[in-house]
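J.: Below is a structure I'd like to ask you about.
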Amino acid sequence: MPKRNTSDVIVVGAGVIGAACAYYAARAGLSVTVIDRGPVAGGTTGAGEGNLLVSDKEPGPELELALLSTGLWQELAELLPPQIEYEPKGGLVVASGEAGMRALRDFAAGQDKAGVRAEEVPGDRLSDLEPHLAPGLAGGFHYSQDAQVMPALAAAHLLRAGGGRVRLRLGEEVTGLLTTADGSVRGVRTVTGDMHAPYVVNAAGTWGGELARLAGVELPVLPRRGFVLVTEPLPRVVRHKVYSADYVADVASGSAALQTSAVVEGTPAGPVLIGASRERVGFDTTLSTEVVRRLAAQATALFPVLAGVRAMRTYAGFRPYLPDHLPAIGHDPRVPGLLHACGHEGAGIGLAPATGLLIARCLDGGEPPLDLGPFHPGRFEAAA
């Protein structure tokens, strides 16, 4: 066994991305220390809805990553305990008018060529999938590959599944990176002492830019705030993940202004989760009554049955946003031994397994299952 403060790789961040990196690195035979200044899933992961989506992604690198992750989540669902609440329930994207339907058809046609399965649903058949949907919608598309997990428990069980090769150090803040004379990583400095490893993985989520700066490099990760409403427990009134066509445009937008679009889904535990909002306001967690009002109005417009349901709580989270909407995955060319696995914005839970597998291939020298070029951590410096 390695010494207490020495391992093959240190993963900074105990959210679902860090947990997946640790799991796949351990499967590759490496010893891993996962360090976080807070608890497991204490950041973006714990504030997420658990979406595993292909439906909202246009053809390109992120969709390739999502399709790879879809298969890996299916494998993990067989391995991990049922408490992760993996549910391959599918997604339903709906349009209120014909213009929206035309946009959805064009979007789905492009996705089809990339391997996404989408089935058009006429307006008069939507109630077959969702009996409580508002009448009068023009139609929608059903995406059978969409799924959901309970994100905090998924992260916790991924860490546990790493077995004795994964050590967890919680409540310890990384204050610096240790380097050799030539600038190569040799570990991290924490508030309680030094930890040694030839590789450090930045899985710090929204704080990934701060960790990069400790290494003397820039990674332009910004927080993009979102709120989720949680209703009282209900019978299964919402069967799929249901969202309006506007959501796809909001995901792709780089606007700092407030954007909201209805996203409604039930959970195995009973509560209905209602999103989604996006805005860049730094790390401000102040409750926005305007966001709550918009989310409630948009959700009840889609599902009138929710109008009489109590919202039990609301919570805010921060999506780790990069300007081109793609995560940074792989070796940092500026600091030997530093790898990045952050900047997934609102898709990190869905993209976690593929990200973890790619990081493991970077660490063990194996062939990655897809091209890492679009995710190269140095791409922003090259564009500056």
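Please note that chains go A, B, ... in the order of the structure tokens, that every chain numbers its residues from 1, and that ligands are numbered from 1 in the order shown.
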Show me a table, sorted first by chain and then by increasing residue number, of the residues of region 73-129 of chain A having an atom at most 12 Å from region 332-354 of chain A, each with its shortest atom pair and the distance in Å to one decimal, counting only C-alpha atoms and written as a Markdown table.
T.:
```
| residue | atom | partner | partner_atom | distance |
| --- | --- | --- | --- | --- |
| A:Trp73 | CA | A:Pro353 | CA | 6.8 |
| A:Gln74 | CA | A:Pro353 | CA | 10.3 |
| A:Glu75 | CA | A:Pro353 | CA | 10.0 |
| A:Leu76 | CA | A:Pro353 | CA | 8.7 |
| A:Ala77 | CA | A:Pro353 | CA | 11.5 |
| A:Tyr86 | CA | A:Gly350 | CA | 11.3 |
```
J.: Any chance you could export the current selection's all heavy atoms as a short mmCIF file (atom, residue, chain, number, x, y, z; two decimals), in the first residue's frame?
T.:
```
data_model
loop_
_atom_site.label_atom_id
_atom_site.label_comp_id
_atom_site.auth_asym_id
_atom_site.auth_seq_id
_atom_site.Cartn_x
_atom_site.Cartn_y
_atom_site.Cartn_z
N TRP A 73 -23.19 4.90 -18.14
CA TRP A 73 -24.14 4.96 -17.03
C TRP A 73 -24.98 3.69 -16.95
O TRP A 73 -25.31 3.21 -15.86
CB TRP A 73 -25.07 6.18 -17.17
CG TRP A 73 -24.56 7.42 -16.51
CD1 TRP A 73 -24.26 8.61 -17.08
CD2 TRP A 73 -24.30 7.60 -15.10
NE1 TRP A 73 -23.82 9.51 -16.14
CE2 TRP A 73 -23.84 8.92 -14.92
CE3 TRP A 73 -24.41 6.76 -13.99
CZ2 TRP A 73 -23.50 9.43 -13.66
CZ3 TRP A 73 -24.06 7.26 -12.73
CH2 TRP A 73 -23.61 8.57 -12.59
N GLN A 74 -25.31 3.13 -18.10
CA GLN A 74 -26.05 1.86 -18.09
C GLN A 74 -25.23 0.76 -17.43
O GLN A 74 -25.76 -0.05 -16.65
CB GLN A 74 -26.43 1.48 -19.52
CG GLN A 74 -27.47 2.40 -20.14
CD GLN A 74 -27.64 2.19 -21.63
OE1 GLN A 74 -26.88 1.47 -22.27
NE2 GLN A 74 -28.63 2.85 -22.22
N GLU A 75 -23.93 0.72 -17.72
CA GLU A 75 -23.05 -0.25 -17.07
C GLU A 75 -22.96 0.01 -15.56
O GLU A 75 -23.03 -0.93 -14.75
CB GLU A 75 -21.66 -0.19 -17.69
CG GLU A 75 -21.58 -0.62 -19.14
CD GLU A 75 -20.18 -0.42 -19.72
OE1 GLU A 75 -19.25 -0.08 -18.94
OE2 GLU A 75 -20.02 -0.61 -20.94
N LEU A 76 -22.80 1.28 -15.20
CA LEU A 76 -22.68 1.61 -13.78
C LEU A 76 -23.97 1.30 -13.01
O LEU A 76 -23.92 0.92 -11.83
CB LEU A 76 -22.33 3.10 -13.62
CG LEU A 76 -20.92 3.49 -14.06
CD1 LEU A 76 -20.79 5.01 -14.12
CD2 LEU A 76 -19.88 2.89 -13.13
N ALA A 77 -25.10 1.46 -13.67
CA ALA A 77 -26.38 1.16 -13.01
C ALA A 77 -26.47 -0.31 -12.61
O ALA A 77 -27.15 -0.66 -11.64
CB ALA A 77 -27.54 1.53 -13.91
N TYR A 86 -30.97 5.32 -10.64
CA TYR A 86 -30.85 5.40 -12.10
C TYR A 86 -32.19 5.03 -12.71
O TYR A 86 -32.77 3.99 -12.41
CB TYR A 86 -29.77 4.44 -12.59
CG TYR A 86 -29.68 4.37 -14.11
CD1 TYR A 86 -29.05 5.37 -14.83
CD2 TYR A 86 -30.24 3.31 -14.81
CE1 TYR A 86 -28.96 5.32 -16.21
CE2 TYR A 86 -30.16 3.25 -16.20
CZ TYR A 86 -29.52 4.26 -16.89
OH TYR A 86 -29.45 4.19 -18.26
#
```
J.: Taking 6 positions as the minimum chain separation for residues in the same chain, which residues sit within 6 Å of Gly226 (chain A) when counting only C-alpha atoms? Answer as a list in words.
T.: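 Listing them by chain and then by number gives Ser277, Arg278, Ala316 and Gly317 of chain A.
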J.: Take the residues from that selection and write them out as a PDB file, in the first residue's frame, keeping N, CA and C atoms.
T.:
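Full text of part.pdb as output:
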```
ATOM      1  N   SER A 277     -33.240  27.653 -14.717  1.00  0.00           N
ATOM      2  CA  SER A 277     -32.847  29.045 -14.901  1.00  0.00           C
ATOM      3  C   SER A 277     -31.346  29.113 -15.082  1.00  0.00           C
ATOM      4  N   ARG A 278     -30.913  30.172 -15.784  1.00  0.00           N
ATOM      5  CA  ARG A 278     -29.494  30.399 -16.013  1.00  0.00           C
ATOM      6  C   ARG A 278     -29.221  31.897 -15.940  1.00  0.00           C
ATOM      7  N   ALA A 316     -30.272  26.698  -4.965  1.00  0.00           N
ATOM      8  CA  ALA A 316     -29.465  27.269  -6.038  1.00  0.00           C
ATOM      9  C   ALA A 316     -28.192  26.458  -6.195  1.00  0.00           C
ATOM     10  N   GLY A 317     -27.691  26.422  -7.409  1.00  0.00           N
ATOM     11  CA  GLY A 317     -26.406  25.800  -7.693  1.00  0.00           C
ATOM     12  C   GLY A 317     -25.687  26.599  -8.762  1.00  0.00           C
TER      13      GLY A 317
END
```
J.: So that I can check the surroundings of Gly91 (chain A), please list as a ChimeraX atom specification every protein, DNA and RNA residue that reaches within 12 Å of it, counting only C-alpha atoms and ignoring chain neighbours fewer than 6 positions away.
T.: /A:51-56,117-121,129-130,140-148,238-244,263-266
J.: Mind checking which residues fall within 6 Å of region 364-380 of chain A, counting only C-alpha atoms, ignoring those fewer than 4 positions away in the same chain, and posting them as a ChimeraX atom specification?
T.: /A:327-329,332,358
J.: Pick from A:Ala134, A:Leu357, A:Leu168, A:Leu65: nearest to Thr300 (chain A), with only C-alpha atoms counted?
T.: A:Ala134
J.: Near region 4-15 of chain A, within 7 Å and counting only C-alpha atoms, which residues show up once chain neighbours fewer than 6 positions away are dropped, as a VMD selection string?
T.: chain A and resid 22 30 to 36 40 to 43 45 155 195 to 204
J.: Write the residues of the selection above to a file with N, CA and C atoms, as a CSV table (one decimal), in the first residue's frame.
T.:
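Below is the file that was written, out_20.csv:
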```
chain,number,residue,atom,x,y,z
A,22,ALA,N,-11.9,9.3,-10.2
A,22,ALA,CA,-11.3,8.4,-9.2
A,22,ALA,C,-11.6,6.9,-9.5
A,30,LEU,N,-4.6,2.4,-10.5
A,30,LEU,CA,-3.9,3.5,-9.9
A,30,LEU,C,-4.4,3.7,-8.5
A,31,SER,N,-3.5,4.1,-7.6
A,31,SER,CA,-4.0,4.6,-6.3
A,31,SER,C,-4.4,6.0,-6.3
A,32,VAL,N,-5.5,6.4,-5.7
A,32,VAL,CA,-6.1,7.7,-5.9
A,32,VAL,C,-6.4,8.3,-4.5
A,33,THR,N,-6.1,9.6,-4.4
A,33,THR,CA,-6.5,10.3,-3.2
A,33,THR,C,-7.5,11.4,-3.7
A,34,VAL,N,-8.7,11.4,-3.2
A,34,VAL,CA,-9.7,12.5,-3.6
A,34,VAL,C,-9.8,13.4,-2.4
A,35,ILE,N,-9.6,14.7,-2.7
A,35,ILE,CA,-9.6,15.7,-1.7
A,35,ILE,C,-10.6,16.8,-2.0
A,36,ASP,N,-11.3,17.3,-1.0
A,36,ASP,CA,-12.3,18.3,-1.2
A,36,ASP,C,-12.4,19.1,0.1
A,40,VAL,N,-18.7,15.2,0.2
A,40,VAL,CA,-18.9,14.6,-1.1
A,40,VAL,C,-20.2,15.3,-1.7
A,41,ALA,N,-20.0,15.7,-2.9
A,41,ALA,CA,-21.2,16.3,-3.7
A,41,ALA,C,-21.6,17.6,-3.0
A,42,GLY,N,-20.7,18.3,-2.4
A,42,GLY,CA,-21.0,19.6,-1.7
A,42,GLY,C,-21.1,20.8,-2.6
A,43,GLY,N,-20.8,20.7,-3.9
A,43,GLY,CA,-20.9,21.8,-4.8
A,43,GLY,C,-22.0,21.7,-5.8
A,45,THR,N,-22.7,19.3,-7.9
A,45,THR,CA,-23.3,18.0,-7.9
A,45,THR,C,-24.5,17.9,-7.0
A,155,ALA,N,-22.4,10.0,-6.9
A,155,ALA,CA,-21.0,10.4,-6.6
A,155,ALA,C,-20.5,9.6,-5.4
A,195,MET,N,0.5,16.6,0.3
A,195,MET,CA,0.2,15.3,-0.3
A,195,MET,C,0.9,15.2,-1.6
A,196,HIS,N,1.5,14.0,-1.8
A,196,HIS,CA,2.3,13.8,-3.0
A,196,HIS,C,1.7,12.8,-4.0
A,197,ALA,N,1.9,13.2,-5.3
A,197,ALA,CA,1.5,12.4,-6.4
A,197,ALA,C,2.1,13.0,-7.7
A,198,PRO,N,2.4,12.2,-8.7
A,198,PRO,CA,3.0,12.8,-9.9
A,198,PRO,C,1.9,13.4,-10.8
A,199,TYR,N,0.6,13.2,-10.5
A,199,TYR,CA,-0.5,13.7,-11.3
A,199,TYR,C,-1.5,14.3,-10.3
A,200,VAL,N,-2.1,15.5,-10.7
A,200,VAL,CA,-3.2,16.1,-10.0
A,200,VAL,C,-4.3,16.4,-11.0
A,201,VAL,N,-5.5,16.0,-10.7
A,201,VAL,CA,-6.7,16.2,-11.6
A,201,VAL,C,-7.5,17.3,-11.0
A,202,ASN,N,-7.7,18.4,-11.8
A,202,ASN,CA,-8.6,19.5,-11.4
A,202,ASN,C,-10.0,19.1,-11.7
A,203,ALA,N,-10.7,18.6,-10.7
A,203,ALA,CA,-12.2,18.3,-10.8
A,203,ALA,C,-13.0,19.2,-9.9
A,204,ALA,N,-12.5,20.5,-9.8
A,204,ALA,CA,-13.1,21.4,-8.8
A,204,ALA,C,-14.3,22.1,-9.3
```
J.: DSSP on the backbone: what in region 10-257 of chain A comes out helix (DSSP H, G or I), as a VMD selection string?
T.: chain A and resid 16 to 27 45 to 47 61 to 79 82 to 84 98 to 113 123 to 129 151 to 161 163 to 165 205 to 214 246 to 252
J.: Counting only C-alpha atoms, figure out which residue out of A:Glu381, A:Glu85, A:Glu62, A:Glu78 gets nearest to Leu153 (chain A).
T.: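 Closest to Leu153 (chain A) of all the choices is A:Glu85.
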J.: Find the residues around Gly209 (chain A) up to 8 Å (only C-alpha atoms counted), leave out those fewer than 3 positions away in its own chain, and share them as a list in words.
T.: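 Near neighbours after the sequence-gap exclusion: Thr206, Ala212, Arg213, Glu218, Leu219, Pro220, Val221 and Leu222 of chain A.
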J.: Write the residues you've just listed into a file as a PDB file, in the first residue's frame, and include C-alpha atoms for each of them.
T.:
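Produced file again06.pdb, reproduced below:
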```pdb
ATOM      1  CA  THR A 206     -17.077  25.919 -10.619  1.00  0.00           C
ATOM      2  CA  ALA A 212      -5.763  26.365 -12.214  1.00  0.00           C
ATOM      3  CA  ARG A 213      -4.506  29.728 -10.961  1.00  0.00           C
ATOM      4  CA  GLU A 218      -5.641  30.434 -16.607  1.00  0.00           C
ATOM      5  CA  LEU A 219      -8.788  28.408 -17.242  1.00  0.00           C
ATOM      6  CA  PRO A 220     -11.781  30.751 -17.723  1.00  0.00           C
ATOM      7  CA  VAL A 221     -14.370  28.858 -15.645  1.00  0.00           C
ATOM      8  CA  LEU A 222     -17.264  31.072 -14.537  1.00  0.00           C
TER       9      LEU A 222
END
```
J.: Nearest to Arg160 (chain A) among A:Gly90, A:Ala299, A:Leu104, A:Ala19, with distances taken over only C-alpha atoms: which residue is it?
T.: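 Checking each of A:Gly90, A:Ala299, A:Leu104, A:Ala19 against Arg160 (chain A), counting only C-alpha atoms, the winner is A:Ala19.
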J.: Considering only C-alpha atoms, return as a VMD selection string whatever protein or nucleic-acid residues lie within 9 Å of region 280-295 of chain A, sequence-local ones (same chain, fewer than 4 positions apart) excluded.
T.: chain A and resid 222 to 229 255 to 263 274 to 276 299 to 300 314 to 318
